[in-house]
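What follows is my_file36.json (JSON, C-alpha atoms and all ligand atoms).
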```json
[["chain", "number", "residue", "atom", "x", "y", "z"],
["A", 6, "MET", "CA", 25.71, -13.00, -29.53],
["A", 7, "LEU", "CA", 26.14, -9.63, -27.85],
["A", 8, "PHE", "CA", 28.32, -9.37, -24.75],
["A", 9, "SER", "CA", 28.85, -6.30, -22.62],
["A", 10, "GLY", "CA", 32.02, -5.13, -20.90],
["A", 11, "SER", "CA", 31.51, -3.18, -17.69],
["A", 12, "SER", "CA", 31.84, 0.33, -19.17],
["A", 13, "HIS", "CA", 28.28, 0.88, -20.41],
["A", 14, "GLU", "CA", 25.88, -1.97, -19.71],
["A", 15, "GLU", "CA", 22.85, 0.30, -20.10],
["A", 16, "LEU", "CA", 23.70, 0.95, -23.75],
["A", 17, "ALA", "CA", 24.43, -2.75, -24.35],
["A", 18, "LYS", "CA", 21.00, -3.61, -22.91],
["A", 19, "GLY", "CA", 19.36, -0.96, -25.11],
["A", 20, "ILE", "CA", 20.99, -2.48, -28.20],
["A", 21, "ALA", "CA", 20.08, -6.04, -27.14],
["A", 22, "LYS", "CA", 16.46, -4.98, -26.59],
["A", 23, "ARG", "CA", 16.30, -3.55, -30.11],
["A", 24, "LEU", "CA", 17.76, -6.80, -31.45],
["A", 25, "LYS", "CA", 15.14, -8.71, -29.43],
["A", 26, "ARG", "CA", 17.66, -10.85, -27.59],
["A", 27, "SER", "CA", 19.34, -10.93, -24.21],
["A", 28, "LEU", "CA", 22.96, -10.15, -23.48],
["A", 29, "GLY", "CA", 25.41, -13.04, -23.54],
["A", 30, "LYS", "CA", 26.34, -14.43, -20.13],
["A", 31, "ILE", "CA", 29.75, -13.35, -18.94],
["A", 32, "SER", "CA", 31.47, -13.02, -15.58],
["A", 33, "ILE", "CA", 33.92, -10.15, -15.08],
["A", 34, "VAL", "CA", 35.72, -9.90, -11.75],
["A", 35, "SER", "CA", 38.49, -7.79, -10.26],
["A", 36, "PHE", "CA", 41.10, -9.72, -8.34],
["A", 37, "PRO", "CA", 42.49, -8.17, -5.13],
["A", 38, "ASP", "CA", 45.70, -7.20, -6.93],
["A", 39, "GLY", "CA", 43.75, -5.26, -9.59],
["A", 40, "GLU", "CA", 43.94, -7.84, -12.36],
["A", 41, "ILE", "CA", 40.79, -8.61, -14.35],
["A", 42, "GLY", "CA", 39.26, -12.09, -14.60],
["A", 43, "VAL", "CA", 36.73, -13.03, -17.29],
["A", 44, "GLN", "CA", 34.71, -16.14, -18.08],
["A", 45, "ILE", "CA", 32.24, -16.49, -20.94],
["A", 46, "GLN", "CA", 29.39, -18.44, -19.41],
["A", 47, "GLU", "CA", 27.78, -19.95, -22.48],
["A", 48, "ASN", "CA", 28.83, -21.76, -25.61],
["A", 49, "VAL", "CA", 30.17, -19.45, -28.36],
["A", 50, "ARG", "CA", 31.75, -22.07, -30.63],
["A", 51, "GLY", "CA", 31.18, -21.05, -34.25],
["A", 52, "LYS", "CA", 29.15, -17.96, -33.23],
["A", 53, "GLU", "CA", 29.40, -14.35, -34.40],
["A", 54, "ALA", "CA", 30.27, -12.49, -31.20],
["A", 55, "PHE", "CA", 29.87, -8.74, -30.60],
["A", 56, "VAL", "CA", 31.42, -7.10, -27.52],
["A", 57, "LEU", "CA", 30.27, -3.65, -26.47],
["A", 58, "GLN", "CA", 32.83, -1.56, -24.65],
["A", 59, "SER", "CA", 32.89, 2.23, -24.58],
["A", 60, "VAL", "CA", 36.53, 2.87, -23.75],
["A", 61, "ALA", "CA", 36.08, 6.19, -21.94],
["A", 62, "ARG", "CA", 36.59, 7.75, -18.51],
["A", 63, "HIS", "CA", 38.79, 4.83, -17.32],
["A", 64, "PRO", "CA", 40.22, 4.05, -20.76],
["A", 65, "ASN", "CA", 43.15, 1.91, -19.64],
["A", 66, "HIS", "CA", 41.01, -0.35, -17.48],
["A", 67, "TYR", "CA", 38.23, -0.74, -20.06],
["A", 68, "LEU", "CA", 40.64, -1.32, -22.92],
["A", 69, "MET", "CA", 42.40, -4.11, -21.01],
["A", 70, "GLU", "CA", 39.03, -5.59, -20.06],
["A", 71, "LEU", "CA", 37.95, -5.58, -23.71],
["A", 72, "LEU", "CA", 41.17, -7.28, -24.82],
["A", 73, "ILE", "CA", 40.70, -9.97, -22.17],
["A", 74, "ILE", "CA", 37.06, -10.60, -23.17],
["A", 75, "VAL", "CA", 38.12, -10.88, -26.83],
["A", 76, "ASP", "CA", 40.89, -13.31, -25.90],
["A", 77, "ALA", "CA", 38.38, -15.44, -23.99],
["A", 78, "LEU", "CA", 35.99, -15.49, -26.98],
["A", 79, "LYS", "CA", 38.79, -16.36, -29.38],
["A", 80, "ARG", "CA", 39.96, -19.26, -27.21],
["A", 81, "ALA", "CA", 36.34, -20.43, -26.93],
["A", 82, "SER", "CA", 36.24, -20.70, -30.76],
["A", 83, "ALA", "CA", 33.89, -17.83, -31.65],
["A", 84, "LYS", "CA", 33.71, -17.60, -35.45],
["A", 85, "SER", "CA", 34.14, -13.81, -35.55],
["A", 86, "ILE", "CA", 34.54, -11.10, -32.92],
["A", 87, "THR", "CA", 33.35, -7.54, -33.50],
["A", 88, "ALA", "CA", 34.51, -4.91, -31.02],
["A", 89, "VAL", "CA", 31.59, -2.49, -30.71],
["A", 90, "MET", "CA", 33.29, 0.67, -29.48],
["A", 91, "PRO", "CA", 30.87, 3.61, -29.45],
["A", 92, "TYR", "CA", 33.79, 5.74, -28.20],
["A", 93, "PHE", "CA", 37.25, 4.86, -29.54],
["A", 94, "PRO", "CA", 40.00, 5.85, -27.08],
["A", 95, "TYR", "CA", 43.29, 7.64, -27.69],
["A", 96, "ALA", "CA", 41.96, 8.84, -31.04],
["A", 97, "ARG", "CA", 43.51, 12.27, -30.54],
["A", 98, "GLN", "CA", 46.97, 10.67, -30.45],
["A", 99, "ASP", "CA", 46.85, 9.77, -34.12],
["A", 100, "ARG", "CA", 50.08, 11.30, -35.45],
["A", 101, "LYS", "CA", 53.59, 12.25, -34.49],
["A", 102, "ASP", "CA", 53.15, 16.03, -34.27],
["A", 103, "LYS", "CA", 56.18, 16.60, -32.03],
["A", 104, "GLY", "CA", 59.42, 14.77, -31.41],
["A", 105, "ARG", "CA", 59.49, 11.61, -29.26],
["A", 106, "VAL", "CA", 55.68, 11.13, -28.92],
["A", 107, "PRO", "CA", 53.78, 7.87, -29.54],
["A", 108, "ILE", "CA", 50.96, 7.21, -32.00],
["A", 109, "THR", "CA", 48.74, 5.64, -29.38],
["A", 110, "ALA", "CA", 45.66, 5.25, -31.61],
["A", 111, "ARG", "CA", 47.78, 2.95, -33.80],
["A", 112, "LEU", "CA", 48.95, 1.04, -30.73],
["A", 113, "VAL", "CA", 45.31, 0.51, -29.68],
["A", 114, "ALA", "CA", 44.48, -0.73, -33.20],
["A", 115, "ASP", "CA", 47.38, -3.20, -33.07],
["A", 116, "LEU", "CA", 46.33, -4.48, -29.63],
["A", 117, "LEU", "CA", 42.76, -5.04, -30.78],
["A", 118, "GLU", "CA", 43.81, -6.94, -33.88],
["A", 119, "LYS", "CA", 46.37, -8.98, -32.01],
["A", 120, "SER", "CA", 43.84, -9.99, -29.36],
["A", 121, "GLY", "CA", 41.55, -11.48, -32.04],
["A", 122, "VAL", "CA", 39.12, -8.73, -33.05],
["A", 123, "SER", "CA", 37.92, -9.31, -36.62],
["A", 124, "ARG", "CA", 35.90, -6.09, -37.09],
["A", 125, "VAL", "CA", 35.42, -2.77, -35.31],
["A", 126, "LEU", "CA", 32.11, -0.93, -35.17],
["A", 127, "THR", "CA", 32.48, 2.61, -33.86],
["A", 128, "MET", "CA", 31.07, 6.12, -34.14],
["A", 129, "ASP", "CA", 32.48, 9.52, -35.14],
["A", 130, "LEU", "CA", 36.15, 8.59, -34.94],
["A", 131, "HIS", "CA", 38.10, 11.71, -34.06],
["A", 132, "ALA", "CA", 40.03, 11.26, -37.31],
["A", 133, "GLU", "CA", 38.62, 9.02, -40.03],
["A", 134, "GLN", "CA", 42.14, 8.05, -41.08],
["A", 135, "ILE", "CA", 42.35, 5.87, -37.94],
["A", 136, "GLN", "CA", 40.48, 3.27, -40.02],
["A", 137, "GLY", "CA", 43.74, 2.88, -41.91],
["A", 138, "PHE", "CA", 45.57, 1.79, -38.74],
["A", 139, "PHE", "CA", 43.64, -1.49, -39.00],
["A", 140, "ASN", "CA", 43.88, -4.35, -41.46],
["A", 141, "ILE", "CA", 40.35, -5.46, -40.60],
["A", 142, "PRO", "CA", 37.04, -3.75, -41.51],
["A", 143, "VAL", "CA", 36.12, -0.66, -39.48],
["A", 144, "ASP", "CA", 32.55, 0.69, -39.68],
["A", 145, "ASN", "CA", 32.40, 4.29, -38.51],
["A", 146, "LEU", "CA", 28.81, 5.38, -37.85],
["A", 147, "ARG", "CA", 27.84, 9.04, -37.95],
["A", 148, "GLY", "CA", 26.45, 10.20, -34.59],
["A", 149, "SER", "CA", 25.71, 13.80, -35.49],
["A", 150, "SER", "CA", 23.12, 12.59, -38.03],
["A", 151, "LEU", "CA", 20.92, 11.77, -35.01],
["A", 152, "PHE", "CA", 20.47, 15.48, -34.29],
["A", 153, "VAL", "CA", 19.65, 16.68, -37.79],
["A", 154, "GLU", "CA", 15.91, 16.16, -37.65],
["A", 155, "LYS", "CA", 15.53, 17.91, -34.28],
["A", 156, "LEU", "CA", 17.74, 20.89, -35.08],
["A", 157, "SER", "CA", 16.31, 21.40, -38.55],
["A", 158, "LYS", "CA", 13.22, 22.74, -36.74],
["A", 159, "VAL", "CA", 15.22, 25.67, -35.28],
["A", 160, "LYS", "CA", 14.96, 28.75, -37.50],
["A", 161, "GLY", "CA", 17.83, 31.09, -38.50],
["A", 162, "THR", "CA", 20.74, 28.81, -37.74],
["A", 163, "VAL", "CA", 24.37, 28.77, -38.76],
["A", 164, "VAL", "CA", 26.63, 25.78, -38.06],
["A", 165, "VAL", "CA", 29.95, 26.62, -36.41],
["A", 166, "SER", "CA", 32.97, 24.35, -36.32],
["A", 167, "PRO", "CA", 34.70, 25.03, -32.98],
["A", 168, "ASP", "CA", 38.09, 24.20, -34.46],
["A", 169, "VAL", "CA", 39.61, 23.32, -37.80],
["A", 170, "GLY", "CA", 39.73, 19.61, -36.88],
["A", 171, "SER", "CA", 35.94, 19.48, -36.55],
["A", 172, "ASN", "CA", 35.45, 21.07, -39.94],
["A", 173, "ARG", "CA", 34.44, 17.87, -41.74],
["A", 174, "ILE", "CA", 31.79, 16.82, -39.25],
["A", 175, "ALA", "CA", 30.45, 20.41, -39.01],
["A", 176, "ARG", "CA", 30.40, 20.89, -42.78],
["A", 177, "LYS", "CA", 28.37, 17.70, -43.23],
["A", 178, "PHE", "CA", 25.95, 18.89, -40.54],
["A", 179, "ALA", "CA", 25.61, 22.29, -42.28],
["A", 180, "GLU", "CA", 24.92, 20.51, -45.58],
["A", 181, "ASP", "CA", 22.25, 18.36, -43.88],
["A", 182, "LEU", "CA", 20.57, 21.47, -42.42],
["A", 183, "ASN", "CA", 21.20, 23.41, -45.63],
["A", 184, "VAL", "CA", 22.68, 26.40, -43.75],
["A", 185, "ASN", "CA", 26.00, 28.23, -43.80],
["A", 186, "LEU", "CA", 29.15, 27.17, -42.00],
["A", 187, "ALA", "CA", 31.47, 29.33, -39.87],
["A", 188, "ILE", "CA", 34.81, 28.21, -38.42],
["A", 189, "VAL", "CA", 36.58, 29.11, -35.20],
["A", 190, "ASP", "CA", 40.36, 29.19, -35.24],
["A", 191, "LYS", "CA", 41.29, 27.39, -32.02],
["A", 192, "ARG", "CA", 44.76, 27.16, -30.61],
["A", 193, "ARG", "CA", 45.35, 24.65, -27.80],
["A", 194, "VAL", "CA", 47.76, 25.99, -25.18],
["A", 195, "SER", "CA", 47.62, 22.89, -22.95],
["A", 196, "ALA", "CA", 45.41, 19.81, -22.43],
["A", 197, "LYS", "CA", 43.02, 21.95, -20.36],
["A", 198, "LYS", "CA", 43.32, 25.39, -21.97],
["A", 199, "VAL", "CA", 42.51, 26.73, -25.42],
["A", 200, "GLU", "CA", 42.83, 30.16, -26.99],
["A", 201, "LEU", "CA", 40.99, 31.62, -29.94],
["A", 202, "SER", "CA", 42.12, 34.05, -32.50],
["A", 203, "ALA", "CA", 39.42, 34.39, -35.14],
["A", 204, "LEU", "CA", 35.99, 33.40, -36.35],
["A", 205, "ILE", "CA", 35.65, 32.95, -40.08],
["A", 206, "GLY", "CA", 32.06, 33.49, -41.27],
["A", 207, "GLU", "CA", 28.91, 35.30, -40.12],
["A", 208, "VAL", "CA", 26.95, 34.51, -36.95],
["A", 209, "GLU", "CA", 25.35, 37.88, -36.16],
["A", 210, "GLY", "CA", 21.63, 37.62, -35.32],
["A", 211, "LYS", "CA", 21.74, 33.83, -35.83],
["A", 212, "VAL", "CA", 21.38, 30.75, -33.68],
["A", 213, "ALA", "CA", 24.90, 29.27, -33.73],
["A", 214, "ILE", "CA", 25.09, 25.46, -33.62],
["A", 215, "LEU", "CA", 28.55, 24.30, -32.52],
["A", 216, "VAL", "CA", 29.26, 20.78, -33.81],
["A", 217, "ASP", "CA", 32.10, 18.73, -32.34],
["A", 218, "ASP", "CA", 32.92, 15.04, -32.10],
["A", 219, "MET", "CA", 33.65, 15.24, -28.37],
["A", 220, "CYS", "CA", 33.53, 17.44, -25.31],
["A", 221, "SER", "CA", 36.19, 16.67, -22.72],
["A", 222, "THR", "CA", 36.89, 19.58, -20.33],
["A", 223, "GLY", "CA", 34.52, 21.85, -22.25],
["A", 224, "SER", "CA", 37.22, 24.51, -22.89],
["A", 225, "THR", "CA", 36.74, 24.27, -26.65],
["A", 226, "LEU", "CA", 32.97, 24.76, -26.46],
["A", 227, "GLN", "CA", 33.33, 27.49, -23.84],
["A", 228, "MET", "CA", 35.69, 29.56, -25.97],
["A", 229, "ALA", "CA", 33.82, 28.94, -29.21],
["A", 230, "ALA", "CA", 30.46, 29.85, -27.62],
["A", 231, "LYS", "CA", 32.01, 33.02, -26.19],
["A", 232, "VAL", "CA", 33.35, 34.14, -29.52],
["A", 233, "CYS", "CA", 29.97, 33.45, -31.20],
["A", 234, "ARG", "CA", 28.26, 35.64, -28.60],
["A", 235, "GLU", "CA", 30.83, 38.39, -29.02],
["A", 236, "ARG", "CA", 30.16, 38.31, -32.78],
["A", 237, "GLY", "CA", 26.42, 38.79, -32.19],
["A", 238, "ALA", "CA", 24.92, 35.24, -32.15],
["A", 239, "LYS", "CA", 21.59, 35.44, -30.32],
["A", 240, "ARG", "CA", 21.71, 31.84, -29.04],
["A", 241, "VAL", "CA", 24.34, 29.12, -28.98],
["A", 242, "ILE", "CA", 23.55, 25.39, -29.09],
["A", 243, "ALA", "CA", 26.24, 22.69, -28.93],
["A", 244, "VAL", "CA", 25.90, 19.28, -30.58],
["A", 245, "VAL", "CA", 28.44, 16.71, -29.41],
["A", 246, "THR", "CA", 28.67, 12.98, -30.12],
["A", 247, "HIS", "CA", 30.92, 11.90, -27.24],
["A", 248, "GLY", "CA", 30.29, 13.55, -23.86],
["A", 249, "LEU", "CA", 33.34, 12.87, -21.72],
["A", 250, "PHE", "CA", 32.56, 15.91, -19.55],
["A", 251, "VAL", "CA", 35.71, 15.80, -17.43],
["A", 252, "ASP", "CA", 35.57, 18.52, -14.74],
["A", 253, "PHE", "CA", 32.89, 20.12, -16.89],
["A", 254, "LYS", "CA", 31.65, 23.47, -15.59],
["A", 255, "ALA", "CA", 28.42, 25.26, -16.54],
["A", 256, "ASN", "CA", 29.03, 27.45, -19.54],
["A", 257, "PRO", "CA", 27.29, 30.85, -19.41],
["A", 258, "TYR", "CA", 27.60, 31.30, -23.18],
["A", 259, "LEU", "CA", 25.87, 28.04, -24.10],
["A", 260, "ASP", "CA", 22.08, 27.83, -24.10],
["A", 261, "GLU", "CA", 21.74, 24.10, -24.84],
["A", 262, "ILE", "CA", 23.91, 21.01, -25.17],
["A", 263, "TRP", "CA", 22.83, 17.97, -27.15],
["A", 264, "VAL", "CA", 24.83, 14.80, -26.67],
["A", 265, "THR", "CA", 24.52, 11.09, -27.46],
["A", 266, "ASP", "CA", 24.95, 8.25, -24.96],
["A", 267, "THR", "CA", 28.09, 6.72, -26.52],
["A", 268, "ILE", "CA", 29.66, 7.34, -23.10],
["A", 269, "SER", "CA", 27.78, 6.35, -19.97],
["A", 270, "PRO", "CA", 26.21, 9.45, -18.43],
["A", 271, "LYS", "CA", 26.50, 7.89, -14.95],
["A", 272, "GLU", "CA", 29.82, 9.37, -13.93],
["A", 273, "GLY", "CA", 29.61, 12.59, -15.91],
["A", 274, "ALA", "CA", 28.16, 15.91, -14.90],
["A", 275, "SER", "CA", 24.46, 16.43, -15.30],
["A", 276, "PHE", "CA", 23.73, 19.99, -16.29],
["A", 277, "GLY", "CA", 20.48, 19.74, -18.17],
["A", 278, "GLU", "CA", 22.07, 18.32, -21.32],
["A", 279, "LYS", "CA", 19.71, 16.68, -23.79],
["A", 280, "ARG", "CA", 20.60, 13.11, -24.68],
["A", 281, "VAL", "CA", 19.80, 11.05, -27.73],
["A", 282, "SER", "CA", 20.44, 7.31, -27.62],
["A", 283, "VAL", "CA", 22.63, 5.65, -30.23],
["A", 284, "ALA", "CA", 21.20, 2.20, -29.35],
["A", 285, "PRO", "CA", 18.83, 1.97, -32.35],
["A", 286, "LEU", "CA", 21.59, 2.92, -34.80],
["A", 287, "PHE", "CA", 24.08, 0.42, -33.36],
["A", 288, "ALA", "CA", 21.40, -2.31, -33.27],
["A", 289, "GLU", "CA", 20.62, -1.71, -36.93],
["A", 290, "ALA", "CA", 24.33, -1.74, -37.80],
["A", 291, "ILE", "CA", 24.86, -5.04, -35.95],
["A", 292, "ALA", "CA", 21.83, -6.59, -37.67],
["A", 293, "SER", "CA", 23.19, -5.43, -41.04],
["A", 294, "ILE", "CA", 26.64, -6.90, -40.33],
["A", 295, "VAL", "CA", 25.14, -10.25, -39.37],
["A", 296, "SER", "CA", 22.97, -10.39, -42.47],
["A", 297, "ALA", "CA", 25.78, -9.00, -44.68],
["A", 298, "LYS", "CA", 23.73, -5.96, -45.71],
["A", 299, "SER", "CA", 25.16, -2.56, -46.57],
["A", 300, "ILE", "CA", 25.31, -0.17, -43.63],
["A", 301, "SER", "CA", 26.06, 2.96, -45.64],
["A", 302, "SER", "CA", 22.32, 3.73, -45.73],
["A", 303, "LEU", "CA", 22.55, 4.28, -41.95],
["A", 304, "PHE", "CA", 24.71, 7.35, -42.56],
["A", 305, "GLU", "CA", 21.90, 9.12, -44.38],
["A", 306, "ARG", "CA", 19.79, 11.73, -42.67],
["A", 307, "GLY", "CA", 16.11, 11.43, -41.90],
["A", 308, "LYS", "CA", 15.93, 7.83, -40.70],
["A", 309, "LYS", "CA", 13.13, 8.61, -38.30],
["A", 310, "GLU", "CA", 13.26, 5.32, -36.44],
["A", 311, "PHE", "CA", 16.63, 6.34, -34.98],
["A", 312, "LEU", "CA", 15.48, 9.73, -33.80],
["A", 313, "GLY", "CA", 12.89, 9.16, -31.12],
["A", 314, "GLU", "CA", 14.90, 8.49, -27.99],
["A", 315, "GLU", "CA", 15.41, 11.82, -26.32],
["A", 316, "ARG", "CA", 16.12, 12.14, -22.61],
["A", 317, "SER", "CA", 17.08, 15.15, -20.52],
["B", 1, "LIG", "C1", 39.60, 18.42, -30.68],
["B", 1, "LIG", "O1", 40.17, 18.35, -31.74],
["B", 1, "LIG", "C2", 38.27, 17.80, -30.41],
["B", 1, "LIG", "O2", 37.45, 17.77, -31.55],
["B", 1, "LIG", "C3", 37.54, 18.51, -29.29],
["B", 1, "LIG", "O3", 37.26, 19.84, -29.71],
["B", 1, "LIG", "C4", 38.37, 18.59, -28.04],
["B", 1, "LIG", "O4", 39.07, 17.43, -27.82],
["B", 1, "LIG", "C5", 37.48, 18.89, -26.86],
["B", 1, "LIG", "O5", 38.28, 18.96, -25.71],
["B", 1, "LIG", "P1", 37.93, 20.00, -24.56],
["B", 1, "LIG", "O6", 36.45, 19.87, -24.25],
["B", 1, "LIG", "O7", 38.80, 19.60, -23.41],
["B", 1, "LIG", "O8", 38.27, 21.37, -25.05]]
```
Can I see the file as structure tokens?
Amino acid sequence: MLFSGSSHEELAKGIAKRLKRSLGKISIVSFPDGEIGVQIQENVRGKEAFVLQSVARHPNHYLMELLIIVDALKRASAKSITAVMPYFPYARQDRKDKGRVPITARLVADLLEKSGVSRVLTMDLHAEQIQGFFNIPVDNLRGSSLFVEKLSKVKGTVVVSPDVGSNRIARKFAEDLNVNLAIVDKRRVSAKKVELSALIGEVEGKVAILVDDMCSTGSTLQMAAKVCRERGAKRVIAVVTHGLFVDFKANPYLDEIWVTDTISPKEGASFGEKRVSVAPLFAEAIASIVSAKSISSLFERGKKEFLGEERS
């Protein structure tokens, strides 16, 4: 049974449609004091329950809502509960890199497990090591694979990692396209400002494809696109799995942005970005989990059935 939290019902419906079933009945209300009330409105005893919640934009509210839904399912005797989290929150707080800071990604993992989640299904975790914060299975789908087929048609490309942290995801993308990789050396000055010092690799005369797991304020893409242009790239395309687009401003150095719908586009900026839906991939992953089939084949490129859902 697939239930939806209130963060991204459109995606939940898209997944349910692919699975040829309707969403589970659930009531979610806000009490006058701001507390959240939930009631599962059908029998879940002995059932495998999946709850979709993309914990973005209002992460604290949606996380609490997810925990409450999971608690309700657990107390209603669901056999297993999978948290389907297309965007996993607080993933950038995954280590103690200065004194007296929390490891919030670990805290989120603990809260999910404690509430009763038995499996997590997510996409392009900011750091794959976050899987190790859990003692339950975590399936981490690869969102950027959805763009490979479309961008392999562009000639004369080079893949550019906009910072060292995105190196892994960008390298895999470069391997899929069979083109070279360049790397930007980003230095973050504050949460909203980044500085660049160098670009390692060749982009002159090429179409540069920036590959990142997420775009928040857009500063990283802005600076990386600028440096690509300064080094002679003739066009710059960005490929991003999670489009948070917080205070996102048009970027004169970027010609195109491709993004998935792991985060609801409703509240974000609309600036002509091209969207690809992750619904088919998540539906296939859920079907594989239920029938205990391997999902590693979903990470491979060229699965055409996942690639058709483009929207501008
Ligand atoms: C950083 O390590 C991430 O991969 C993204 O590059 C970053 O979080 C994007 O943030 P912003 O758009 O605010 O620069």
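Here atom CA of Tyr92 of chain A is placed at a distance of 25.2 Å from atom CA of Val241 of chain A.
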Distance of atom CA of Ala288 of chain A from atom CA of Asp129 of chain A, expressed in Å to one decimal place:
16.3 Å
Around all the atoms of ligand LIG 1 (chain B) listed in the file, draw an axis-aligned box and extend it by 4 Å on each of the six sides; I want its centre and edge lengths in Å to one decimal, as lines of an AutoDock Vina configuration file.
```
center_x = 38.3
center_y = 19.4
center_z = -27.6
size_x = 11.7
size_y = 11.9
size_z = 16.3
```
Which residues are near segment 291-299 of chain A? Cut-off 12 Å, all atoms listed in the file, ignore same chain within fewer than 2 positions. Put them as a ChimeraX atom specification.
/A:6-7,17,20-21,23-26,52-57,84-89,124-127,142-144,146,284-289,301-304
Which residues of chain A come within 6 Å of ligand LIG 1 (chain B), and for each one, what is the closest pair of atoms and their distance in Å to one decimal, counting only C-alpha atoms and all ligand atoms, sorted by chain and residue number, as a tab-separated table?
```
residue	atom	partner	partner_atom	distance
A:Gly170	CA	B:LIG1	O1	5.3
A:Ser171	CA	B:LIG1	O2	5.5
A:Lys197	CA	B:LIG1	O7	5.7
A:Asp217	CA	B:LIG1	O2	5.5
A:Asp218	CA	B:LIG1	O2	5.3
A:Met219	CA	B:LIG1	C3	5.2
A:Cys220	CA	B:LIG1	O6	3.9
A:Ser221	CA	B:LIG1	O6	3.6
A:Thr222	CA	B:LIG1	O7	3.6
A:Gly223	CA	B:LIG1	O6	3.4
A:Ser224	CA	B:LIG1	O8	4.0
A:Thr225	CA	B:LIG1	O8	3.6
```
